[in-house]
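Novice: This one is model.pdb, PDB, C-alpha atoms and all ligand atoms.
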```pdb
ATOM      1  CA  MET A  13     227.031 -11.673 254.633  1.00  0.00           C
ATOM      2  CA  PRO A  14     224.285  -9.211 253.727  1.00  0.00           C
ATOM      3  CA  GLY A  15     225.155  -7.068 250.724  1.00  0.00           C
ATOM      4  CA  GLN A  16     225.439  -3.333 250.441  1.00  0.00           C
ATOM      5  CA  ILE A  17     222.282  -1.345 249.797  1.00  0.00           C
ATOM      6  CA  GLY A  18     222.458   1.499 247.301  1.00  0.00           C
ATOM      7  CA  LEU A  19     220.112   4.346 248.231  1.00  0.00           C
ATOM      8  CA  PHE A  20     219.514   6.680 245.282  1.00  0.00           C
ATOM      9  CA  TYR A  21     217.467   9.840 245.741  1.00  0.00           C
ATOM     10  CA  ALA A  22     217.012  13.374 244.471  1.00  0.00           C
ATOM     11  CA  SER A  23     215.526  16.328 246.280  1.00  0.00           C
ATOM     12  CA  THR A  24     214.565  19.858 245.272  1.00  0.00           C
ATOM     13  CA  THR A  25     213.943  21.481 248.648  1.00  0.00           C
ATOM     14  CA  GLY A  26     215.830  19.027 250.866  1.00  0.00           C
ATOM     15  CA  ASN A  27     213.067  16.891 252.369  1.00  0.00           C
ATOM     16  CA  THR A  28     213.906  13.715 250.494  1.00  0.00           C
ATOM     17  CA  GLU A  29     217.582  14.249 251.172  1.00  0.00           C
ATOM     18  CA  GLU A  30     216.890  14.533 254.886  1.00  0.00           C
ATOM     19  CA  VAL A  31     214.904  11.287 254.881  1.00  0.00           C
ATOM     20  CA  ALA A  32     217.642   9.554 252.857  1.00  0.00           C
ATOM     21  CA  GLN A  33     220.121  10.559 255.537  1.00  0.00           C
ATOM     22  CA  GLN A  34     217.802   9.289 258.285  1.00  0.00           C
ATOM     23  CA  ILE A  35     217.583   5.927 256.507  1.00  0.00           C
ATOM     24  CA  ALA A  36     221.354   5.729 256.051  1.00  0.00           C
ATOM     25  CA  ALA A  37     221.819   6.494 259.739  1.00  0.00           C
ATOM     26  CA  MET A  38     219.844   3.352 260.618  1.00  0.00           C
ATOM     27  CA  ALA A  39     222.499   1.158 258.951  1.00  0.00           C
ATOM     28  CA  PRO A  40     225.586   3.231 258.165  1.00  0.00           C
ATOM     29  CA  ASP A  41     227.709   0.158 257.393  1.00  0.00           C
ATOM     30  CA  ARG A  42     225.249  -1.104 254.846  1.00  0.00           C
ATOM     31  CA  VAL A  43     223.618   1.838 253.093  1.00  0.00           C
ATOM     32  CA  ARG A  44     225.503   3.869 250.487  1.00  0.00           C
ATOM     33  CA  LEU A  45     223.906   7.224 249.634  1.00  0.00           C
ATOM     34  CA  HIS A  46     223.823   8.477 246.051  1.00  0.00           C
ATOM     35  CA  ASP A  47     222.377  11.868 245.130  1.00  0.00           C
ATOM     36  CA  ILE A  48     221.207  11.538 241.554  1.00  0.00           C
ATOM     37  CA  ALA A  49     221.658  15.256 240.904  1.00  0.00           C
ATOM     38  CA  ALA A  50     225.398  14.829 241.482  1.00  0.00           C
ATOM     39  CA  GLU A  51     226.019  11.252 240.385  1.00  0.00           C
ATOM     40  CA  GLY A  52     223.318  10.164 237.976  1.00  0.00           C
ATOM     41  CA  VAL A  53     221.976   6.620 238.057  1.00  0.00           C
ATOM     42  CA  ALA A  54     224.670   4.419 236.442  1.00  0.00           C
ATOM     43  CA  ARG A  55     225.895   3.000 239.727  1.00  0.00           C
ATOM     44  CA  MET A  56     222.529   1.414 240.434  1.00  0.00           C
ATOM     45  CA  GLN A  57     223.989  -1.513 238.504  1.00  0.00           C
ATOM     46  CA  ASP A  58     226.485  -2.122 241.319  1.00  0.00           C
ATOM     47  CA  TYR A  59     223.770  -3.233 243.762  1.00  0.00           C
ATOM     48  CA  ASP A  60     221.443  -6.225 244.086  1.00  0.00           C
ATOM     49  CA  THR A  61     219.417  -4.375 246.710  1.00  0.00           C
ATOM     50  CA  LEU A  62     218.369  -0.781 246.194  1.00  0.00           C
ATOM     51  CA  ILE A  63     216.272   1.889 247.838  1.00  0.00           C
ATOM     52  CA  LEU A  64     214.961   4.622 245.556  1.00  0.00           C
ATOM     53  CA  GLY A  65     213.536   7.881 246.928  1.00  0.00           C
ATOM     54  CA  ILE A  66     211.544  10.450 244.978  1.00  0.00           C
ATOM     55  CA  PRO A  67     209.316  13.442 245.738  1.00  0.00           C
ATOM     56  CA  THR A  68     206.434  14.314 243.430  1.00  0.00           C
ATOM     57  CA  TRP A  69     206.428  17.804 241.959  1.00  0.00           C
ATOM     58  CA  ASP A  70     204.243  20.015 239.751  1.00  0.00           C
ATOM     59  CA  PHE A  71     200.941  18.114 239.805  1.00  0.00           C
ATOM     60  CA  GLY A  72     202.051  14.519 239.539  1.00  0.00           C
ATOM     61  CA  GLU A  73     205.413  14.977 237.849  1.00  0.00           C
ATOM     62  CA  LEU A  74     208.852  13.505 238.527  1.00  0.00           C
ATOM     63  CA  GLN A  75     211.248  15.586 240.590  1.00  0.00           C
ATOM     64  CA  GLU A  76     213.529  17.469 238.197  1.00  0.00           C
ATOM     65  CA  ASP A  77     216.762  15.489 238.671  1.00  0.00           C
ATOM     66  CA  TRP A  78     214.969  12.183 238.348  1.00  0.00           C
ATOM     67  CA  ASP A  79     213.368  13.590 235.224  1.00  0.00           C
ATOM     68  CA  GLU A  80     216.729  14.622 233.808  1.00  0.00           C
ATOM     69  CA  HIS A  81     218.165  11.131 234.323  1.00  0.00           C
ATOM     70  CA  TRP A  82     215.019   9.189 233.406  1.00  0.00           C
ATOM     71  CA  GLN A  83     216.342   8.071 230.033  1.00  0.00           C
ATOM     72  CA  ALA A  84     219.435   6.508 231.648  1.00  0.00           C
ATOM     73  CA  PHE A  85     217.311   5.078 234.458  1.00  0.00           C
ATOM     74  CA  SER A  86     215.033   3.396 231.954  1.00  0.00           C
ATOM     75  CA  GLN A  87     218.060   1.598 230.449  1.00  0.00           C
ATOM     76  CA  ILE A  88     218.922  -0.154 233.719  1.00  0.00           C
ATOM     77  CA  ASP A  89     218.231  -3.864 233.907  1.00  0.00           C
ATOM     78  CA  PHE A  90     216.585  -4.627 237.247  1.00  0.00           C
ATOM     79  CA  GLN A  91     216.399  -8.391 236.834  1.00  0.00           C
ATOM     80  CA  ALA A  92     217.497 -10.147 240.037  1.00  0.00           C
ATOM     81  CA  ARG A  93     217.464  -6.859 241.907  1.00  0.00           C
ATOM     82  CA  ARG A  94     215.194  -6.069 244.844  1.00  0.00           C
ATOM     83  CA  VAL A  95     214.006  -2.521 245.235  1.00  0.00           C
ATOM     84  CA  ALA A  96     212.279  -0.714 248.104  1.00  0.00           C
ATOM     85  CA  LEU A  97     210.744   2.673 247.321  1.00  0.00           C
ATOM     86  CA  PHE A  98     209.982   5.754 249.361  1.00  0.00           C
ATOM     87  CA  GLY A  99     208.039   8.728 248.101  1.00  0.00           C
ATOM     88  CA  LEU A 100     207.441  12.212 249.437  1.00  0.00           C
ATOM     89  CA  GLY A 101     204.382  14.289 248.730  1.00  0.00           C
ATOM     90  CA  ASP A 102     201.780  16.618 250.164  1.00  0.00           C
ATOM     91  CA  GLN A 103     198.398  14.939 250.566  1.00  0.00           C
ATOM     92  CA  LEU A 104     196.559  18.096 251.604  1.00  0.00           C
ATOM     93  CA  GLY A 105     198.017  20.470 249.034  1.00  0.00           C
ATOM     94  CA  TYR A 106     198.268  18.016 246.120  1.00  0.00           C
ATOM     95  CA  GLY A 107     195.793  15.294 247.072  1.00  0.00           C
ATOM     96  CA  GLU A 108     194.846  14.460 243.491  1.00  0.00           C
ATOM     97  CA  TRP A 109     198.447  13.595 242.637  1.00  0.00           C
ATOM     98  CA  PHE A 110     199.687  12.256 245.947  1.00  0.00           C
ATOM     99  CA  LEU A 111     203.046  10.498 245.452  1.00  0.00           C
ATOM    100  CA  ASP A 112     202.435   9.937 241.739  1.00  0.00           C
ATOM    101  CA  ALA A 113     206.172   9.974 241.003  1.00  0.00           C
ATOM    102  CA  MET A 114     206.710   6.958 243.270  1.00  0.00           C
ATOM    103  CA  GLY A 115     204.191   5.137 241.083  1.00  0.00           C
ATOM    104  CA  ALA A 116     206.232   6.013 237.985  1.00  0.00           C
ATOM    105  CA  LEU A 117     209.378   4.653 239.637  1.00  0.00           C
ATOM    106  CA  HIS A 118     207.581   1.450 240.558  1.00  0.00           C
ATOM    107  CA  ASP A 119     206.281   0.891 237.047  1.00  0.00           C
ATOM    108  CA  GLN A 120     209.699   1.418 235.480  1.00  0.00           C
ATOM    109  CA  VAL A 121     211.492  -0.924 237.910  1.00  0.00           C
ATOM    110  CA  VAL A 122     208.900  -3.658 237.382  1.00  0.00           C
ATOM    111  CA  SER A 123     208.957  -3.303 233.604  1.00  0.00           C
ATOM    112  CA  ALA A 124     212.750  -3.651 233.734  1.00  0.00           C
ATOM    113  CA  GLY A 125     212.438  -6.967 235.592  1.00  0.00           C
ATOM    114  CA  GLY A 126     212.935  -5.783 239.179  1.00  0.00           C
ATOM    115  CA  GLU A 127     211.109  -6.913 242.279  1.00  0.00           C
ATOM    116  CA  VAL A 128     209.574  -4.074 244.297  1.00  0.00           C
ATOM    117  CA  VAL A 129     209.251  -5.003 247.969  1.00  0.00           C
ATOM    118  CA  VAL A 130     207.412  -3.712 251.062  1.00  0.00           C
ATOM    119  CA  PRO A 131     203.989  -2.362 250.094  1.00  0.00           C
ATOM    120  CA  TRP A 132     202.756   0.206 252.611  1.00  0.00           C
ATOM    121  CA  SER A 133     199.201   0.512 253.974  1.00  0.00           C
ATOM    122  CA  THR A 134     197.179   3.617 253.076  1.00  0.00           C
ATOM    123  CA  ASP A 135     195.775   3.702 256.628  1.00  0.00           C
ATOM    124  CA  GLY A 136     196.505   7.058 258.207  1.00  0.00           C
ATOM    125  CA  TYR A 137     196.613   9.038 254.950  1.00  0.00           C
ATOM    126  CA  ASP A 138     193.889  11.214 253.440  1.00  0.00           C
ATOM    127  CA  PHE A 139     194.126  11.965 249.724  1.00  0.00           C
ATOM    128  CA  ASP A 140     191.945  11.908 246.612  1.00  0.00           C
ATOM    129  CA  ALA A 141     194.026   9.966 244.106  1.00  0.00           C
ATOM    130  CA  SER A 142     197.469   8.483 243.677  1.00  0.00           C
ATOM    131  CA  LYS A 143     199.318   6.632 240.938  1.00  0.00           C
ATOM    132  CA  ALA A 144     201.430   4.986 243.638  1.00  0.00           C
ATOM    133  CA  LEU A 145     198.781   2.468 244.741  1.00  0.00           C
ATOM    134  CA  THR A 146     198.912  -1.317 244.426  1.00  0.00           C
ATOM    135  CA  PRO A 147     196.086  -2.943 242.416  1.00  0.00           C
ATOM    136  CA  ASP A 148     194.038  -3.603 245.585  1.00  0.00           C
ATOM    137  CA  GLY A 149     193.989   0.145 246.272  1.00  0.00           C
ATOM    138  CA  GLN A 150     194.772  -0.480 249.942  1.00  0.00           C
ATOM    139  CA  HIS A 151     198.531  -0.018 249.785  1.00  0.00           C
ATOM    140  CA  PHE A 152     201.130   2.269 248.342  1.00  0.00           C
ATOM    141  CA  VAL A 153     203.916   0.644 246.322  1.00  0.00           C
ATOM    142  CA  GLY A 154     206.444   1.937 248.851  1.00  0.00           C
ATOM    143  CA  LEU A 155     206.825   3.993 251.995  1.00  0.00           C
ATOM    144  CA  ALA A 156     204.616   7.109 251.850  1.00  0.00           C
ATOM    145  CA  LEU A 157     205.938  10.212 253.588  1.00  0.00           C
ATOM    146  CA  ASP A 158     204.454  13.688 253.870  1.00  0.00           C
ATOM    147  CA  GLU A 159     206.853  16.213 255.337  1.00  0.00           C
ATOM    148  CA  ASP A 160     204.399  19.038 254.671  1.00  0.00           C
ATOM    149  CA  GLY A 161     201.431  17.718 256.652  1.00  0.00           C
ATOM    150  CA  GLN A 162     202.646  14.722 258.685  1.00  0.00           C
ATOM    151  CA  ARG A 163     206.275  15.404 259.486  1.00  0.00           C
ATOM    152  CA  SER A 164     205.788  14.210 263.048  1.00  0.00           C
ATOM    153  CA  GLU A 165     204.905  10.730 261.761  1.00  0.00           C
ATOM    154  CA  THR A 166     208.035  10.233 259.699  1.00  0.00           C
ATOM    155  CA  GLU A 167     210.340   8.871 262.358  1.00  0.00           C
ATOM    156  CA  ALA A 168     207.835   6.233 263.496  1.00  0.00           C
ATOM    157  CA  ARG A 169     207.063   5.290 259.914  1.00  0.00           C
ATOM    158  CA  LEU A 170     210.760   4.807 259.193  1.00  0.00           C
ATOM    159  CA  GLN A 171     211.176   2.669 262.295  1.00  0.00           C
ATOM    160  CA  GLN A 172     208.279   0.471 261.188  1.00  0.00           C
ATOM    161  CA  TRP A 173     209.414   0.265 257.551  1.00  0.00           C
ATOM    162  CA  TRP A 174     213.109  -0.426 258.005  1.00  0.00           C
ATOM    163  CA  PRO A 175     212.895  -3.955 259.519  1.00  0.00           C
ATOM    164  CA  GLN A 176     210.501  -4.890 256.719  1.00  0.00           C
ATOM    165  CA  VAL A 177     213.019  -3.698 254.140  1.00  0.00           C
ATOM    166  CA  LEU A 178     215.819  -5.716 255.721  1.00  0.00           C
ATOM    167  CA  ALA A 179     213.609  -8.803 255.946  1.00  0.00           C
ATOM    168  CA  ALA A 180     212.667  -8.489 252.277  1.00  0.00           C
ATOM    169  CA  PHE A 181     216.247  -7.905 251.155  1.00  0.00           C
ATOM    170  CA  ASP A 182     217.788 -10.683 253.233  1.00  0.00           C
ATOM    171  CA  SER A 183     215.221 -13.435 252.641  1.00  0.00           C
TER     172      SER A 183
HETATM  173  C1  LIG B 201     205.051  23.477 243.416  1.00  0.00           C
HETATM  174  C2  LIG B 201     204.884  22.171 244.155  1.00  0.00           C
HETATM  175  C3  LIG B 201     204.258  21.115 243.529  1.00  0.00           C
HETATM  176  C4  LIG B 201     204.056  19.900 244.204  1.00  0.00           C
HETATM  177  N1  LIG B 201     203.366  18.874 243.583  1.00  0.00           N
HETATM  178  C5  LIG B 201     203.088  17.751 244.287  1.00  0.00           C
HETATM  179  C6  LIG B 201     202.287  16.711 243.704  1.00  0.00           C
HETATM  180  O1  LIG B 201     201.832  16.786 242.562  1.00  0.00           O
HETATM  181  N2  LIG B 201     202.037  15.595 244.441  1.00  0.00           N
HETATM  182  C7  LIG B 201     202.504  15.451 245.728  1.00  0.00           C
HETATM  183  O2  LIG B 201     202.238  14.415 246.355  1.00  0.00           O
HETATM  184  N3  LIG B 201     203.278  16.420 246.300  1.00  0.00           N
HETATM  185  C8  LIG B 201     203.570  17.557 245.617  1.00  0.00           C
HETATM  186  N4  LIG B 201     204.335  18.540 246.189  1.00  0.00           N
HETATM  187  C9  LIG B 201     204.889  18.340 247.551  1.00  0.00           C
HETATM  188  C10 LIG B 201     206.351  17.877 247.543  1.00  0.00           C
HETATM  189  O3  LIG B 201     206.480  16.598 246.988  1.00  0.00           O
HETATM  190  C11 LIG B 201     206.866  17.844 248.975  1.00  0.00           C
HETATM  191  O4  LIG B 201     206.952  19.161 249.484  1.00  0.00           O
HETATM  192  C12 LIG B 201     208.199  17.140 249.142  1.00  0.00           C
HETATM  193  O5  LIG B 201     208.476  16.971 250.510  1.00  0.00           O
HETATM  194  C13 LIG B 201     209.343  17.883 248.464  1.00  0.00           C
HETATM  195  O6  LIG B 201     210.487  17.077 248.548  1.00  0.00           O
HETATM  196  P1  LIG B 201     211.958  17.657 248.289  1.00  0.00           P
HETATM  197  O7  LIG B 201     212.208  18.719 249.344  1.00  0.00           O
HETATM  198  O8  LIG B 201     212.845  16.470 248.488  1.00  0.00           O
HETATM  199  O9  LIG B 201     212.004  18.185 246.904  1.00  0.00           O
HETATM  200  C14 LIG B 201     204.549  19.755 245.524  1.00  0.00           C
HETATM  201  C15 LIG B 201     205.196  20.828 246.139  1.00  0.00           C
HETATM  202  C16 LIG B 201     205.360  22.024 245.481  1.00  0.00           C
HETATM  203  C17 LIG B 201     206.044  23.163 246.204  1.00  0.00           C
END
```
Will you turn the file into structure tokens for me?

Specialist:
Amino acid sequence: MPGQIGLFYASTTGNTEEVAQQIAAMAPDRVRLHDIAAEGVARMQDYDTLILGIPTWDFGELQEDWDEHWQAFSQIDFQARRVALFGLGDQLGYGEWFLDAMGALHDQVVSAGGEVVVPWSTDGYDFDASKALTPDGQHFVGLALDEDGQRSETEARLQQWWPQVLAAFDS
């Protein structure tokens, strides 16, 4: 029986929250939503499979609630846990820092022993620099979403990403 998936996110202006709800709607029996602003991060330890969502703010910085709980987040042991990431940013307005916060999440999960799954091709995005790239520079470390400039792409991107997440979690 596939296990529950804990989806942890935080959102300043609601975009990441909206995407989190769209993801949960794809598998309501399986995905449990956790808003970090309200609940913190401690319950991440209850799940072997996690989805973490973060927008980048203020020129490459963590969103404020993630920032507030970063100390606790950095105490979590991710060994034997699989993690899929999604990041929100604005490639036109903040193209030198596109999705940087997703890169910070990735690095922390990996340094705490976790396995980050489902790299995402950079095809179809136009930006100057990002700390959320894999070493080959051809992929992001997780699903890249831009509600400011490419909102119309989000639904299709989610539909393409979701089966890959399930395949990675259930293999
Ligand atoms: C003041 C400000 C700073 C931002 N800085 C960045 C940034 O450095 N990198 C980036 O990719 N997006 C940046 N963004 C875009 C946000 O990440 C984007 O609007 C996102 O959808 C917000 O998500 P939220 O509504 O869940 O908070 C910034 C937006 C604002 C308004």

Novice: Smallest atom-to-atom distance to A:Tyr137: which of A:Asp79, A:Asp60, A:Asp102, A:Glu73, using only C-alpha atoms?

Specialist: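 That would be A:Asp102, the residue with the smallest distance to A:Tyr137.
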
Novice: Got a sec to check which residues sit within 12 Å of (213.3, -4.9, 257.1), counting all atoms listed in the file, and write them as a count of residues only?

Specialist: 22

Novice: Which residues come within 10 Å of stretch 43-45 of chain A, counting all atoms listed in the file, excluding same-chain residues fewer than 3 positions away, as a list in words?

Specialist: Gly15, Gln16, Ile17, Gly18, Leu19, Phe20, Tyr21, Glu29, Ala32, Gln33, Ile35, Ala36, Ala37, Met38, Ala39, Pro40, Ile48, Tyr59, Thr61, Leu62 and Ile63 of chain A

Novice: Excluding A:Gly161 and its own-chain neighbours fewer than 4 positions away, which residues fall within 12 Å of it when counting all atoms listed in the file? Please give them as number ranges by chain.

Specialist: A: 100-107, 136-139, 157, 165-166

Novice: Report as a list in words the full result of the PyMOL selection byres (((not hetatm)) within 7 of (chain B and resi 201)) when it is applied to this structure.

Specialist: Ala22, Ser23, Thr24, Thr25, Gly26, Asn27, Thr28, Glu29, Pro67, Thr68, Trp69, Asp70, Phe71, Gly72, Glu73, Gln75, Leu100, Gly101, Asp102, Gln103, Tyr106, Gly107, Trp109, Phe110, Leu111, Asp112, Asp158, Glu159 and Asp160 of chain A

Novice: So that I can see what lies close to A:Thr146, please list as a VMD selection string the residues with an atom at most 12 Å from it, counting all atoms listed in the file and leaving out residues fewer than 6 positions away in the same chain.

Specialist: chain A and resid 114 to 115 118 to 119 128 to 134 152 to 154

Novice: Using only C-alpha atoms, pick whichever of A:Arg93, A:His46, A:Lys143, A:His151 has the shortest atom-to-atom distance to A:Glu127.

Specialist: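 The shortest atom-to-atom distance to A:Glu127 comes from A:Arg93.
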